[in-house]
Amino acid sequence: MNSPSLVIDRRLASSPSGAPASGNGARNPEGQEAAPAKRQRPADHELGFGRVFTDNLFLADWTTQKGWHAARVAPYSALPFDPAAAVLHYGQALFEGFKIFRGVDNVLRAFRVDRHAARMASGAARLCMPAIDPEVFKAGMQALLDVDGSWVPSSPGTALYVRPTLVATEGFLGVRPAESYVFFHIFSPVGPYYAEGMGPVKIWIEQNYTRAAAGGLGAVKTGANYAASLLAASEAKKKGYTQVLWTDAKEHRWLEEVGTMNLFVQIGDEIITPPLGGSILAGVTRASVLEVLADYKLRAVERPVSVEELVEAHGKGTLKEVFGTGTAAVISPVGELGYGDKKLVVGDGQTGPLARRLYDDLTSMQYAQKPDRFGWLTKVG
């Protein structure tokens, strides 16, 4: 699979009816054709996030001997990992996440798929993993969409979430890069990421635990970053907060990310997002918001912002808005910040006008309710 022209085998794919798409279906160990049962599709209003998956998945294998090979679409099922697989013991796992939307014109469009493909290709090097050619990344997505496109929901606030994943499969016990990998796409029809939807969330400013440090893995989408966040997030939820606002690893003074999202703060007329410096993921929605803010002719800057500055701005009444940006939630406004024994209500505790404007603008483009003036959407069905 060193070339984007590799032929993708679709013969094993399940059709939307639950039967194999051709006579060459998946076979069980006895050699009998095994037609997977049709997966249940909830109504759009019943969709949560990341719990429902479509009938099929796309896979491709890599070994040091063959490179990329065996690209295929097959029924969604468990992957056969060796118990000594490197991903299980040494954490070689990389993933992406983006969305496909069904527009009001019934056309399917992927949001900024090229940027997500490029980010995954560049992130593989940090984990000593083979990069996925962006054209193959997109071809695999399209092959899977060709059989599972009917799963894309149509209600406002819904989408088809795409999770490309690369993991090390070689079975060995020893700390070195693995010599075999599998890359796959899975699809999940989703509703809002947070139960609050566009309602404001409560966020805890973390002063003890660290998500990522400069020189570490914070700038790539690897599972280790998320494992490191779980304890702090769990403790924040026990205190009544939805997520954690992460601070830097050295001083716990400088603001970094909010939950699984990039952070934006409006103080006075200045809109601030922390600069990328090795511990913060270069979010695609973050980049999109910066472009939209420039289009609005608003003052948006990438600069460090400290907890002290945030608290001071709150005391002066100049802290207008705080919100997170990310693929899953798009824009998530923050209504309250917890910091030690302090509770800082942001603005009036409701969704701010800037967060609302950005959310409405981005989603209107995603659902083709208004023109895609930035060229971010790719027609895929």
# chains A, B, ... in the order shown; residues from 1 in each chain; ligands from 1
call {"tool": "residues_around", "arguments": {"residues": "Trp254 (chain A)", "least_positions_apart": "3", "cutoff": "7 Å", "atoms": "only C-alpha atoms", "output": "list in words"}}
result
Thr247, Asp248, Pro304, Val305, Ser306 and Val307 of chain A
call {"tool": "residues_around", "arguments": {"residues": "His89 (chain A)", "least_positions_apart": "4", "cutoff": "12 Å", "atoms": "only C-alpha atoms", "output": "PyMOL selection string"}}
result
chain A and resi 81-85+93+167-178+224
call {"tool": "write_last_selection", "arguments": {"atoms": "N, CA and C atoms", "output": "CSV table (one decimal), in the first residue's frame"}}
result
chain,number,residue,atom,x,y,z
A,81,PHE,N,-6.1,-9.8,18.0
A,81,PHE,CA,-4.8,-9.4,18.4
A,81,PHE,C,-4.1,-10.5,19.2
A,82,ASP,N,-2.7,-10.6,19.0
A,82,ASP,CA,-1.9,-11.4,19.8
A,82,ASP,C,-1.9,-10.9,21.2
A,83,PRO,N,-2.0,-11.7,22.3
A,83,PRO,CA,-2.0,-11.2,23.6
A,83,PRO,C,-0.7,-10.4,23.9
A,84,ALA,N,0.4,-10.6,23.1
A,84,ALA,CA,1.6,-9.8,23.3
A,84,ALA,C,1.7,-8.7,22.4
A,85,ALA,N,0.6,-8.3,21.7
A,85,ALA,CA,0.7,-7.2,20.7
A,85,ALA,C,1.3,-5.9,21.3
A,93,ALA,N,-0.3,3.4,19.6
A,93,ALA,CA,-1.7,3.6,19.1
A,93,ALA,C,-1.9,5.1,18.7
A,167,VAL,N,-2.7,0.9,14.9
A,167,VAL,CA,-2.2,0.2,16.1
A,167,VAL,C,-1.1,-0.8,15.8
A,168,ALA,N,-0.2,-1.1,16.7
A,168,ALA,CA,0.9,-2.0,16.5
A,168,ALA,C,0.4,-3.4,16.9
A,169,THR,N,0.6,-4.4,16.0
A,169,THR,CA,0.0,-5.7,16.2
A,169,THR,C,1.0,-6.8,16.4
A,170,GLU,N,2.3,-6.5,16.2
A,170,GLU,CA,3.3,-7.6,16.4
A,170,GLU,C,3.3,-8.1,17.9
A,171,GLY,N,3.4,-9.4,18.0
A,171,GLY,CA,3.4,-10.0,19.3
A,171,GLY,C,4.9,-10.2,19.8
A,172,PHE,N,5.3,-9.4,20.7
A,172,PHE,CA,6.6,-9.5,21.3
A,172,PHE,C,6.7,-8.7,22.6
A,173,LEU,N,7.6,-9.1,23.5
A,173,LEU,CA,7.8,-8.3,24.7
A,173,LEU,C,9.2,-7.8,24.6
A,174,GLY,N,9.3,-6.5,24.3
A,174,GLY,CA,10.5,-5.8,24.2
A,174,GLY,C,10.2,-4.4,23.8
A,175,VAL,N,11.0,-3.4,24.3
A,175,VAL,CA,10.7,-2.0,24.0
A,175,VAL,C,11.4,-1.6,22.7
A,176,ARG,N,10.7,-1.6,21.6
A,176,ARG,CA,11.2,-1.1,20.3
A,176,ARG,C,10.0,-1.0,19.4
A,177,PRO,N,10.1,-0.3,18.3
A,177,PRO,CA,9.0,-0.1,17.4
A,177,PRO,C,8.5,-1.5,16.8
A,178,ALA,N,7.2,-1.7,16.7
A,178,ALA,CA,6.7,-3.0,16.2
A,178,ALA,C,7.0,-3.1,14.8
A,224,ALA,N,-2.3,7.4,24.8
A,224,ALA,CA,-1.6,7.6,26.1
A,224,ALA,C,-2.1,9.0,26.7
call {"tool": "closest_residue", "arguments": {"among": "A:Lys99, A:Lys221, A:Lys237, A:Lys316", "to": "Ala121 (chain A)", "atoms": "only C-alpha atoms"}}
result
A:Lys221
call {"tool": "atom_distance", "arguments": {"atom1": "CA of Gly215 (chain A)", "atom2": "CA of Gly277 (chain A)"}}
result
8.9 Å
call {"tool": "residues_around", "arguments": {"residues": "region 50-52 of chain A", "least_positions_apart": "5", "cutoff": "8 Å", "atoms": "only C-alpha atoms", "output": "list in words"}}
result
Arg41, Tyr161, Ser188, Pro189 and Val190 of chain A
call {"tool": "residues_around", "arguments": {"residues": "Lys66 (chain A)", "least_positions_apart": "3", "cutoff": "12 Å", "atoms": "only C-alpha atoms", "output": "mmCIF file with N, CA and C atoms, in the first residue's frame"}}
result
data_model
loop_
_atom_site.group_PDB
_atom_site.id
_atom_site.type_symbol
_atom_site.label_atom_id
_atom_site.label_comp_id
_atom_site.auth_asym_id
_atom_site.auth_seq_id
_atom_site.Cartn_x
_atom_site.Cartn_y
_atom_site.Cartn_z
ATOM 1 N N MET A 1 0.827 -1.194 0.000
ATOM 2 C CA MET A 1 0.000 0.000 0.000
ATOM 3 C C MET A 1 0.864 1.248 0.000
ATOM 4 N N ASN A 2 1.998 1.153 -0.643
ATOM 5 C CA ASN A 2 2.862 2.314 -0.744
ATOM 6 C C ASN A 2 2.335 3.289 -1.781
ATOM 7 N N ALA A 60 -6.358 -2.198 6.655
ATOM 8 C CA ALA A 60 -5.166 -2.460 5.846
ATOM 9 C C ALA A 60 -4.047 -2.866 6.789
ATOM 10 N N ASP A 61 -3.198 -3.754 6.337
ATOM 11 C CA ASP A 61 -2.094 -4.276 7.148
ATOM 12 C C ASP A 61 -0.753 -3.723 6.677
ATOM 13 N N TRP A 62 0.209 -3.693 7.608
ATOM 14 C CA TRP A 62 1.581 -3.275 7.279
ATOM 15 C C TRP A 62 2.548 -4.210 7.983
ATOM 16 N N THR A 63 3.553 -4.658 7.261
ATOM 17 C CA THR A 63 4.667 -5.395 7.858
ATOM 18 C C THR A 63 5.969 -4.868 7.259
ATOM 19 N N HIS A 69 -0.500 -3.431 2.698
ATOM 20 C CA HIS A 69 -1.116 -4.414 1.810
ATOM 21 C C HIS A 69 -2.470 -4.836 2.393
ATOM 22 N N ALA A 70 -3.178 -5.670 1.653
ATOM 23 C CA ALA A 70 -4.445 -6.274 2.092
ATOM 24 C C ALA A 70 -5.469 -5.231 2.518
ATOM 25 N N GLU A 179 6.939 -4.373 14.267
ATOM 26 C CA GLU A 179 7.212 -4.664 12.863
ATOM 27 C C GLU A 179 5.953 -5.027 12.085
ATOM 28 N N SER A 180 4.773 -4.907 12.740
ATOM 29 C CA SER A 180 3.515 -5.091 12.018
ATOM 30 C C SER A 180 2.441 -4.199 12.646
ATOM 31 N N TYR A 181 1.524 -3.730 11.783
ATOM 32 C CA TYR A 181 0.488 -2.782 12.200
ATOM 33 C C TYR A 181 -0.788 -3.063 11.432
#
call {"tool": "select_by_dssp", "arguments": {"residues": "region 50-256 of chain A", "states": "helix (DSSP H, G or I)", "output": "tab-separated table (two decimals) with N, CA and C atoms, in the first residue's frame"}}
result
chain	number	residue	atom	x	y	z
A	86	ALA	N	2.11	-5.27	20.57
A	86	ALA	CA	2.81	-4.10	21.08
A	86	ALA	C	1.86	-3.00	21.54
A	87	VAL	N	0.70	-2.87	20.89
A	87	VAL	CA	-0.24	-1.83	21.30
A	87	VAL	C	-0.72	-2.06	22.73
A	88	LEU	N	-0.82	-3.31	23.15
A	88	LEU	CA	-1.33	-3.62	24.48
A	88	LEU	C	-0.29	-3.40	25.57
A	89	HIS	N	0.99	-3.53	25.21
A	89	HIS	CA	2.05	-3.45	26.21
A	89	HIS	C	2.84	-2.14	26.16
A	90	TYR	N	2.98	-1.57	24.97
A	90	TYR	CA	3.85	-0.41	24.82
A	90	TYR	C	3.15	0.79	24.20
A	113	VAL	N	-11.29	16.80	5.70
A	113	VAL	CA	-10.70	15.46	5.70
A	113	VAL	C	-9.22	15.51	5.33
A	114	ASP	N	-8.84	16.40	4.43
A	114	ASP	CA	-7.43	16.48	4.03
A	114	ASP	C	-6.53	16.85	5.21
A	115	ARG	N	-7.02	17.76	6.03
A	115	ARG	CA	-6.21	18.19	7.18
A	115	ARG	C	-6.08	17.06	8.21
A	116	HIS	N	-7.14	16.32	8.42
A	116	HIS	CA	-7.08	15.19	9.35
A	116	HIS	C	-6.14	14.11	8.83
A	117	ALA	N	-6.21	13.84	7.53
A	117	ALA	CA	-5.33	12.82	6.95
A	117	ALA	C	-3.87	13.23	7.08
A	118	ALA	N	-3.58	14.51	6.84
A	118	ALA	CA	-2.21	15.00	6.94
A	118	ALA	C	-1.72	14.95	8.38
A	119	ARG	N	-2.60	15.27	9.34
A	119	ARG	CA	-2.18	15.25	10.74
A	119	ARG	C	-1.85	13.83	11.21
A	120	MET	N	-2.63	12.86	10.74
A	120	MET	CA	-2.35	11.48	11.13
A	120	MET	C	-1.04	11.01	10.52
A	121	ALA	N	-0.80	11.37	9.27
A	121	ALA	CA	0.45	10.96	8.61
A	121	ALA	C	1.66	11.54	9.34
A	122	SER	N	1.56	12.81	9.77
A	122	SER	CA	2.70	13.43	10.46
A	122	SER	C	2.85	12.90	11.88
A	123	GLY	N	1.73	12.55	12.54
A	123	GLY	CA	1.79	12.06	13.91
A	123	GLY	C	2.40	10.68	14.03
A	124	ALA	N	2.30	9.88	12.95
A	124	ALA	CA	2.84	8.51	13.01
A	124	ALA	C	4.33	8.51	13.31
A	125	ALA	N	5.05	9.48	12.77
A	125	ALA	CA	6.50	9.51	12.97
A	125	ALA	C	6.88	9.63	14.44
A	126	ARG	N	6.07	10.37	15.23
A	126	ARG	CA	6.39	10.57	16.64
A	126	ARG	C	6.33	9.26	17.42
A	134	PRO	N	-2.10	10.08	2.75
A	134	PRO	CA	-3.40	10.75	2.84
A	134	PRO	C	-4.40	10.31	1.77
A	135	GLU	N	-3.91	9.98	0.57
A	135	GLU	CA	-4.84	9.53	-0.48
A	135	GLU	C	-5.42	8.16	-0.15
A	136	VAL	N	-4.63	7.30	0.47
A	136	VAL	CA	-5.13	5.99	0.89
A	136	VAL	C	-6.09	6.16	2.07
A	137	PHE	N	-5.76	7.06	2.98
A	137	PHE	CA	-6.63	7.40	4.11
A	137	PHE	C	-8.02	7.76	3.58
A	138	LYS	N	-8.07	8.62	2.57
A	138	LYS	CA	-9.36	9.06	2.01
A	138	LYS	C	-10.03	7.96	1.20
A	139	ALA	N	-9.23	7.18	0.47
A	139	ALA	CA	-9.81	6.10	-0.34
A	139	ALA	C	-10.46	5.05	0.55
A	140	GLY	N	-9.83	4.74	1.68
A	140	GLY	CA	-10.42	3.78	2.61
A	140	GLY	C	-11.72	4.29	3.19
A	141	MET	N	-11.74	5.58	3.56
A	141	MET	CA	-12.98	6.19	4.06
A	141	MET	C	-14.08	6.10	3.01
A	142	GLN	N	-13.73	6.42	1.76
A	142	GLN	CA	-14.73	6.42	0.70
A	142	GLN	C	-15.26	5.02	0.42
A	143	ALA	N	-14.36	4.02	0.43
A	143	ALA	CA	-14.79	2.64	0.20
A	143	ALA	C	-15.77	2.18	1.27
A	144	LEU	N	-15.52	2.57	2.51
A	144	LEU	CA	-16.42	2.21	3.60
A	144	LEU	C	-17.73	2.97	3.48
A	145	LEU	N	-17.65	4.24	3.10
A	145	LEU	CA	-18.86	5.04	2.95
A	145	LEU	C	-19.73	4.52	1.82
A	146	ASP	N	-19.12	3.96	0.79
A	146	ASP	CA	-19.89	3.43	-0.33
A	146	ASP	C	-20.85	2.32	0.09
A	147	VAL	N	-20.50	1.59	1.16
A	147	VAL	CA	-21.40	0.52	1.62
A	147	VAL	C	-22.20	0.92	2.86
A	148	ASP	N	-21.70	1.89	3.63
A	148	ASP	CA	-22.38	2.27	4.88
A	148	ASP	C	-22.89	3.71	4.87
A	149	GLY	N	-22.98	4.32	3.70
A	149	GLY	CA	-23.40	5.72	3.60
A	149	GLY	C	-24.80	5.98	4.11
A	150	SER	N	-25.66	4.97	4.06
A	150	SER	CA	-27.04	5.17	4.53
A	150	SER	C	-27.11	5.39	6.03
A	151	TRP	N	-26.01	5.11	6.73
A	151	TRP	CA	-25.96	5.32	8.18
A	151	TRP	C	-25.80	6.80	8.56
A	223	GLY	N	-3.41	7.34	22.26
A	223	GLY	CA	-4.22	6.94	23.39
A	223	GLY	C	-3.61	7.28	24.74
A	224	ALA	N	-2.28	7.36	24.82
A	224	ALA	CA	-1.62	7.64	26.09
A	224	ALA	C	-2.06	8.97	26.69
A	225	ASN	N	-2.27	9.97	25.85
A	225	ASN	CA	-2.71	11.28	26.34
A	225	ASN	C	-4.05	11.18	27.05
A	226	TYR	N	-4.93	10.37	26.50
A	226	TYR	CA	-6.27	10.27	27.04
A	226	TYR	C	-6.29	9.41	28.29
A	227	ALA	N	-5.45	8.38	28.33
A	227	ALA	CA	-5.32	7.59	29.56
A	227	ALA	C	-4.83	8.47	30.71
A	228	ALA	N	-3.90	9.38	30.40
A	228	ALA	CA	-3.35	10.26	31.43
A	228	ALA	C	-4.39	11.23	31.97
A	229	SER	N	-5.47	11.47	31.22
A	229	SER	CA	-6.47	12.45	31.62
A	229	SER	C	-7.59	11.87	32.47
A	230	LEU	N	-7.69	10.54	32.55
A	230	LEU	CA	-8.89	9.93	33.10
A	230	LEU	C	-9.10	10.19	34.59
A	231	LEU	N	-8.04	10.11	35.37
A	231	LEU	CA	-8.20	10.26	36.82
A	231	LEU	C	-8.64	11.67	37.18
A	232	ALA	N	-7.99	12.66	36.59
A	232	ALA	CA	-8.37	14.05	36.88
A	232	ALA	C	-9.80	14.32	36.45
A	233	ALA	N	-10.19	13.82	35.28
A	233	ALA	CA	-11.55	14.02	34.79
A	233	ALA	C	-12.56	13.35	35.71
A	234	SER	N	-12.22	12.16	36.19
A	234	SER	CA	-13.12	11.44	37.10
A	234	SER	C	-13.31	12.21	38.40
A	235	GLU	N	-12.22	12.75	38.93
A	235	GLU	CA	-12.32	13.51	40.18
A	235	GLU	C	-13.08	14.80	39.98
A	236	ALA	N	-12.90	15.44	38.80
A	236	ALA	CA	-13.64	16.67	38.52
A	236	ALA	C	-15.14	16.39	38.45
A	237	LYS	N	-15.53	15.27	37.87
A	237	LYS	CA	-16.95	14.93	37.77
A	237	LYS	C	-17.56	14.69	39.14
A	238	LYS	N	-16.78	14.14	40.06
A	238	LYS	CA	-17.28	13.94	41.42
A	238	LYS	C	-17.55	15.29	42.11
call {"tool": "atom_distance", "arguments": {"atom1": "CA of Leu94 (chain A)", "atom2": "CA of Val182 (chain A)"}}
result
10.9 Å
call {"tool": "decode", "arguments": {"residues": "region 268-334 of chain A", "atoms": "C-alpha atoms", "output": "PDB file, in the first residue's frame"}}
result
ATOM      1  CA  GLY A 268     -12.112  42.377  26.792  1.00  0.00           C
ATOM      2  CA  ASP A 269     -11.928  42.602  23.009  1.00  0.00           C
ATOM      3  CA  GLU A 270      -9.086  40.086  22.706  1.00  0.00           C
ATOM      4  CA  ILE A 271      -9.793  36.442  21.860  1.00  0.00           C
ATOM      5  CA  ILE A 272      -6.922  34.220  23.030  1.00  0.00           C
ATOM      6  CA  THR A 273      -5.966  30.616  22.394  1.00  0.00           C
ATOM      7  CA  PRO A 274      -2.803  29.092  23.924  1.00  0.00           C
ATOM      8  CA  PRO A 275       0.008  28.644  21.391  1.00  0.00           C
ATOM      9  CA  LEU A 276       0.989  25.209  20.128  1.00  0.00           C
ATOM     10  CA  GLY A 277       4.215  24.242  21.820  1.00  0.00           C
ATOM     11  CA  GLY A 278       4.513  20.480  21.799  1.00  0.00           C
ATOM     12  CA  SER A 279       2.035  19.678  24.562  1.00  0.00           C
ATOM     13  CA  ILE A 280      -1.139  20.895  22.819  1.00  0.00           C
ATOM     14  CA  LEU A 281      -2.851  19.158  19.911  1.00  0.00           C
ATOM     15  CA  ALA A 282      -3.103  21.203  16.718  1.00  0.00           C
ATOM     16  CA  GLY A 283      -6.879  20.971  16.564  1.00  0.00           C
ATOM     17  CA  VAL A 284      -8.544  21.180  13.175  1.00  0.00           C
ATOM     18  CA  THR A 285     -11.554  22.987  14.638  1.00  0.00           C
ATOM     19  CA  ARG A 286      -9.140  25.320  16.455  1.00  0.00           C
ATOM     20  CA  ALA A 287      -7.510  26.231  13.135  1.00  0.00           C
ATOM     21  CA  SER A 288     -10.937  26.674  11.557  1.00  0.00           C
ATOM     22  CA  VAL A 289     -12.115  29.001  14.346  1.00  0.00           C
ATOM     23  CA  LEU A 290      -8.989  31.153  13.968  1.00  0.00           C
ATOM     24  CA  GLU A 291      -9.761  31.538  10.254  1.00  0.00           C
ATOM     25  CA  VAL A 292     -13.389  32.391  10.943  1.00  0.00           C
ATOM     26  CA  LEU A 293     -12.406  34.981  13.574  1.00  0.00           C
ATOM     27  CA  ALA A 294     -10.032  36.585  11.073  1.00  0.00           C
ATOM     28  CA  ASP A 295     -12.926  36.665   8.602  1.00  0.00           C
ATOM     29  CA  TYR A 296     -14.999  38.454  11.256  1.00  0.00           C
ATOM     30  CA  LYS A 297     -12.155  41.000  11.606  1.00  0.00           C
ATOM     31  CA  LEU A 298     -11.975  40.263  15.330  1.00  0.00           C
ATOM     32  CA  ARG A 299      -8.738  40.395  17.323  1.00  0.00           C
ATOM     33  CA  ALA A 300      -7.685  36.758  17.827  1.00  0.00           C
ATOM     34  CA  VAL A 301      -4.208  35.914  19.090  1.00  0.00           C
ATOM     35  CA  GLU A 302      -2.194  32.828  19.962  1.00  0.00           C
ATOM     36  CA  ARG A 303      -0.388  33.627  23.195  1.00  0.00           C
ATOM     37  CA  PRO A 304       0.129  32.189  26.675  1.00  0.00           C
ATOM     38  CA  VAL A 305      -2.621  32.962  29.185  1.00  0.00           C
ATOM     39  CA  SER A 306      -2.169  32.208  32.874  1.00  0.00           C
ATOM     40  CA  VAL A 307      -4.603  31.178  35.573  1.00  0.00           C
ATOM     41  CA  GLU A 308      -3.788  34.456  37.335  1.00  0.00           C
ATOM     42  CA  GLU A 309      -4.767  36.464  34.262  1.00  0.00           C
ATOM     43  CA  LEU A 310      -8.015  34.541  34.006  1.00  0.00           C
ATOM     44  CA  VAL A 311      -8.875  35.100  37.682  1.00  0.00           C
ATOM     45  CA  GLU A 312      -7.922  38.777  37.464  1.00  0.00           C
ATOM     46  CA  ALA A 313     -10.050  39.290  34.361  1.00  0.00           C
ATOM     47  CA  HIS A 314     -12.973  37.629  36.120  1.00  0.00           C
ATOM     48  CA  GLY A 315     -12.540  39.976  39.090  1.00  0.00           C
ATOM     49  CA  LYS A 316     -12.497  43.024  36.788  1.00  0.00           C
ATOM     50  CA  GLY A 317     -15.498  41.831  34.823  1.00  0.00           C
ATOM     51  CA  THR A 318     -13.535  41.627  31.561  1.00  0.00           C
ATOM     52  CA  LEU A 319     -13.696  37.822  31.229  1.00  0.00           C
ATOM     53  CA  LYS A 320     -16.432  37.693  28.600  1.00  0.00           C
ATOM     54  CA  GLU A 321     -16.323  34.110  27.291  1.00  0.00           C
ATOM     55  CA  VAL A 322     -14.516  30.793  27.640  1.00  0.00           C
ATOM     56  CA  PHE A 323     -15.155  27.940  25.211  1.00  0.00           C
ATOM     57  CA  GLY A 324     -13.600  24.788  23.850  1.00  0.00           C
ATOM     58  CA  THR A 325     -13.316  23.774  20.197  1.00  0.00           C
ATOM     59  CA  GLY A 326     -13.109  20.258  18.808  1.00  0.00           C
ATOM     60  CA  THR A 327     -14.477  17.860  16.231  1.00  0.00           C
ATOM     61  CA  ALA A 328     -16.869  16.128  18.620  1.00  0.00           C
ATOM     62  CA  ALA A 329     -18.558  19.147  20.231  1.00  0.00           C
ATOM     63  CA  VAL A 330     -17.613  21.806  17.607  1.00  0.00           C
ATOM     64  CA  ILE A 331     -17.969  24.652  20.139  1.00  0.00           C
ATOM     65  CA  SER A 332     -18.536  23.999  23.840  1.00  0.00           C
ATOM     66  CA  PRO A 333     -19.188  27.142  25.931  1.00  0.00           C
ATOM     67  CA  VAL A 334     -18.027  27.257  29.551  1.00  0.00           C
TER      68      VAL A 334
END
